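Scroll down for the structure; my scribbles are underneath it.
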Amino acid sequence: MTIVWTNIVFSMAAFIILYLLLNKFAFSKLFGVMEKRRELVMQQMDEAAKTREQAVAYVEEQKQALQQARQEAQQIIQQSQVTSSNQADRLMEQAKAEADRLKNEAVRDIANEKNKAVEALRSELGTASVRIASKLLEKEVKTDGEQEQLVDQYLKEVGGRS
Amino acid sequence: MHEMPLIYVGGIPIDLSAVLMLVVSCVIVFVLAMLAVRNLSVENPSKLQNFMEWVVEFVQGVISSAMDLKKGRPYISLGLTLILFIFVSNLLGLPFSFITEAHEPVTIFGHVIEATKHLAHGDHAEILWWKSPTADINITAGLALIVFILMNFLGIKNNGKHYFKHFIEPFPIFLPLNIIENLAKPVALAIRLFANIFAGEVLITVILKLSVVSIPFLAIWQGFSIFVGALQAYIFTILTMVYIAQYTIHEEEAH
């Protein structure tokens with residue numbers, strides 16, 4: 001082991017030169033890239049957190065929308081029930097009114113017909129009784145026995161007719 | 001004993017092996033780092049980039065264990081360079097070493113290698129060219145000196161008068177002790193790293209003398225040496241950070 005002072009100087013110089021070269025050409029770039037990666041990771045984590053928040057908010061929104069839709073559906077069903085029952089009532093009333101009208105009409109018609117028939121019968125009976133009376137009067141003029149016979153005969157005729 | 005290929009250029013001693021190994025270490029570390037940052041990607045890093053980022057995070061962990069990471073941010077590059085350079089240097093001597101044997105004065109670049117200058121006839125010198133650069137005390141001393149200068153400079157710059165006040169605490173009589181403590185730090189750093197790696201290489205040389213029998217021992221020892229190399233690089237880095245933290249951070253509750 002010999003001390004050679006130039007070796008000390010050389011090693012110092014070599015180390016300093018190596019340090020400067022590495023610092024300039026290698027390490028600064030490497031540190032830059034590592035710093036960039038750190039920033040990238042931070043950014044991605046931030047983004048992930050943000051995305052998660054958004055997702056939670058979105059789910060909440062969807063839940064609300066679903067709730068709303070359900071409520072609306074319920075409302076529509078209730079409304080339709082009300083309207084349908086209303087309609088049914090109205091239809092029933094209409095039908096009842098129609099039936100009443102028809103019944104009334106029929107009753108009026110029947111009454112009319114009856115009146116007419118009574119009228120017709122009355123006039124027929126009148127003429128028939130007039131004719132009977134006239135026949136009776138004709139026979140009475142001829143013979144007594146025959147008069148009775150005739151009255152009977154015509155009365156029979158009337159009974160058979162009516 | 002292996003000699004270093006020392007030449008004198010205009011009166012200045014130059015250890016060619018140290019220069020060679022320093023250059024090799026620096027080139028390997030630099031190429032590794034450049035390969036790692038060749039296709040930098042934020043989302044899809046390559047394997048080498050992943051490895052380098054792991055090393056960066058490891059060094060960040062080392063620094064944050066010594067000081068607040070906010071204050072330690074400027075030292076990440078320093079810690080990375082230290083740990084990579086020392087680790088690569090520690091491993092370089094493990095796979096092989098390169099030794100030439102000289103029987104007469106050897107001249108290189110027009111200068112005679114010192115160890116071969118005064119060879120008598122029949123003598124020979126073994127010159128070690130390829131080794132771990134950190135198996136040379138001069139080189140670890142250089143690294144430790146950088147740490148020493150840096151920690152004192154940063155202490156004066158960031159701490160001001162507290163740095164000087166620190167030397168006469170808890171009592172002025174502790175001044176010499178504190179100075180010795182300050183000086184002992186780089187010495188300990190240099191000798192610890194040098195001794196560990198040098199001992200490892202010496203033991204490899206010794207094991208190799210066992211010829212064929214050496215293979216299992218060598219395998220075990222080389223594996224352990226890789227561990228020791230990594231451990232020493234880690235210790236050097238964390239101690240550097242601890243020293244810097246000690247001198248730069250003025251703890252309020254201590255006063």
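Residue numbering restarts at 1 in every chain; chains get A, B, ... in the order shown in the structure tokens, and ligands count up from 1 in that same order.
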Problem set entry | Proximal residues of chain B relative to chain A (only C-alpha atoms; 8 Å) as a VMD selection string | chain B and resid 12 to 15 18 to 19 22 to 23 26 30 33 to 34 37 40 to 43 53 77 to 78 81 85 136 to 143 145 to 146
For this session: Find the residues around segment 231-236 of chain B up to 6 Å (only C-alpha atoms counted), leave out those fewer than 2 positions away in its own chain, and share them as a ChimeraX atom specification.
Result: /B:83,86-87,228-229,238-239
Exercise. So how far away is atom CA of Ile244 of chain B from atom CA of Asp68 of chain B, in Å?
Worked result: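 Atom CA of Ile244 of chain B lies 11.7 Å from atom CA of Asp68 of chain B.
Using only C-alpha atoms, the nearest neighbour of Val202 of chain B within the list B:Lys185, B:Phe58, B:His2, B:Tyr8 is B:His2.
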For this session: Figure out the distance between atom CA of Ala199 of chain B and atom CA of Ile215 of chain B, please, to one decimal in Å.
Result: 18.5 Å
For this session: Name the residues in contact with Leu189 of chain B at a cut-off of 6 Å, using only C-alpha atoms, excluding same-chain residues fewer than 3 positions from it; report them as a PyMOL selection string.
Result: chain B and resi 144+186+192
Write the residues of the preceding selection, restricted to all heavy atoms, as a short mmCIF file (atom, residue, chain, number, x, y, z; two decimals), in the first residue's frame.
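Saved file result.cif follows:
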```cif
data_model
loop_
_atom_site.label_atom_id
_atom_site.label_comp_id
_atom_site.auth_asym_id
_atom_site.auth_seq_id
_atom_site.Cartn_x
_atom_site.Cartn_y
_atom_site.Cartn_z
N ALA B 144 -13.36 9.70 0.10
CA ALA B 144 -13.61 10.16 1.47
C ALA B 144 -13.31 11.65 1.58
O ALA B 144 -13.99 12.38 2.31
CB ALA B 144 -12.76 9.37 2.45
N PRO B 186 -13.55 10.94 7.62
CA PRO B 186 -13.11 10.51 6.27
C PRO B 186 -12.08 9.40 6.33
O PRO B 186 -12.08 8.52 5.47
CB PRO B 186 -12.52 11.79 5.68
CG PRO B 186 -12.18 12.65 6.84
CD PRO B 186 -13.20 12.34 7.89
N ARG B 192 -12.18 1.82 5.80
CA ARG B 192 -13.17 0.74 5.85
C ARG B 192 -13.42 0.18 4.45
O ARG B 192 -13.36 -1.04 4.24
CB ARG B 192 -14.49 1.26 6.42
CG ARG B 192 -15.54 0.18 6.52
CD ARG B 192 -16.88 0.71 6.96
NE ARG B 192 -16.78 1.43 8.23
CZ ARG B 192 -16.91 2.73 8.37
NH1 ARG B 192 -17.15 3.48 7.30
NH2 ARG B 192 -16.81 3.31 9.54
#
```
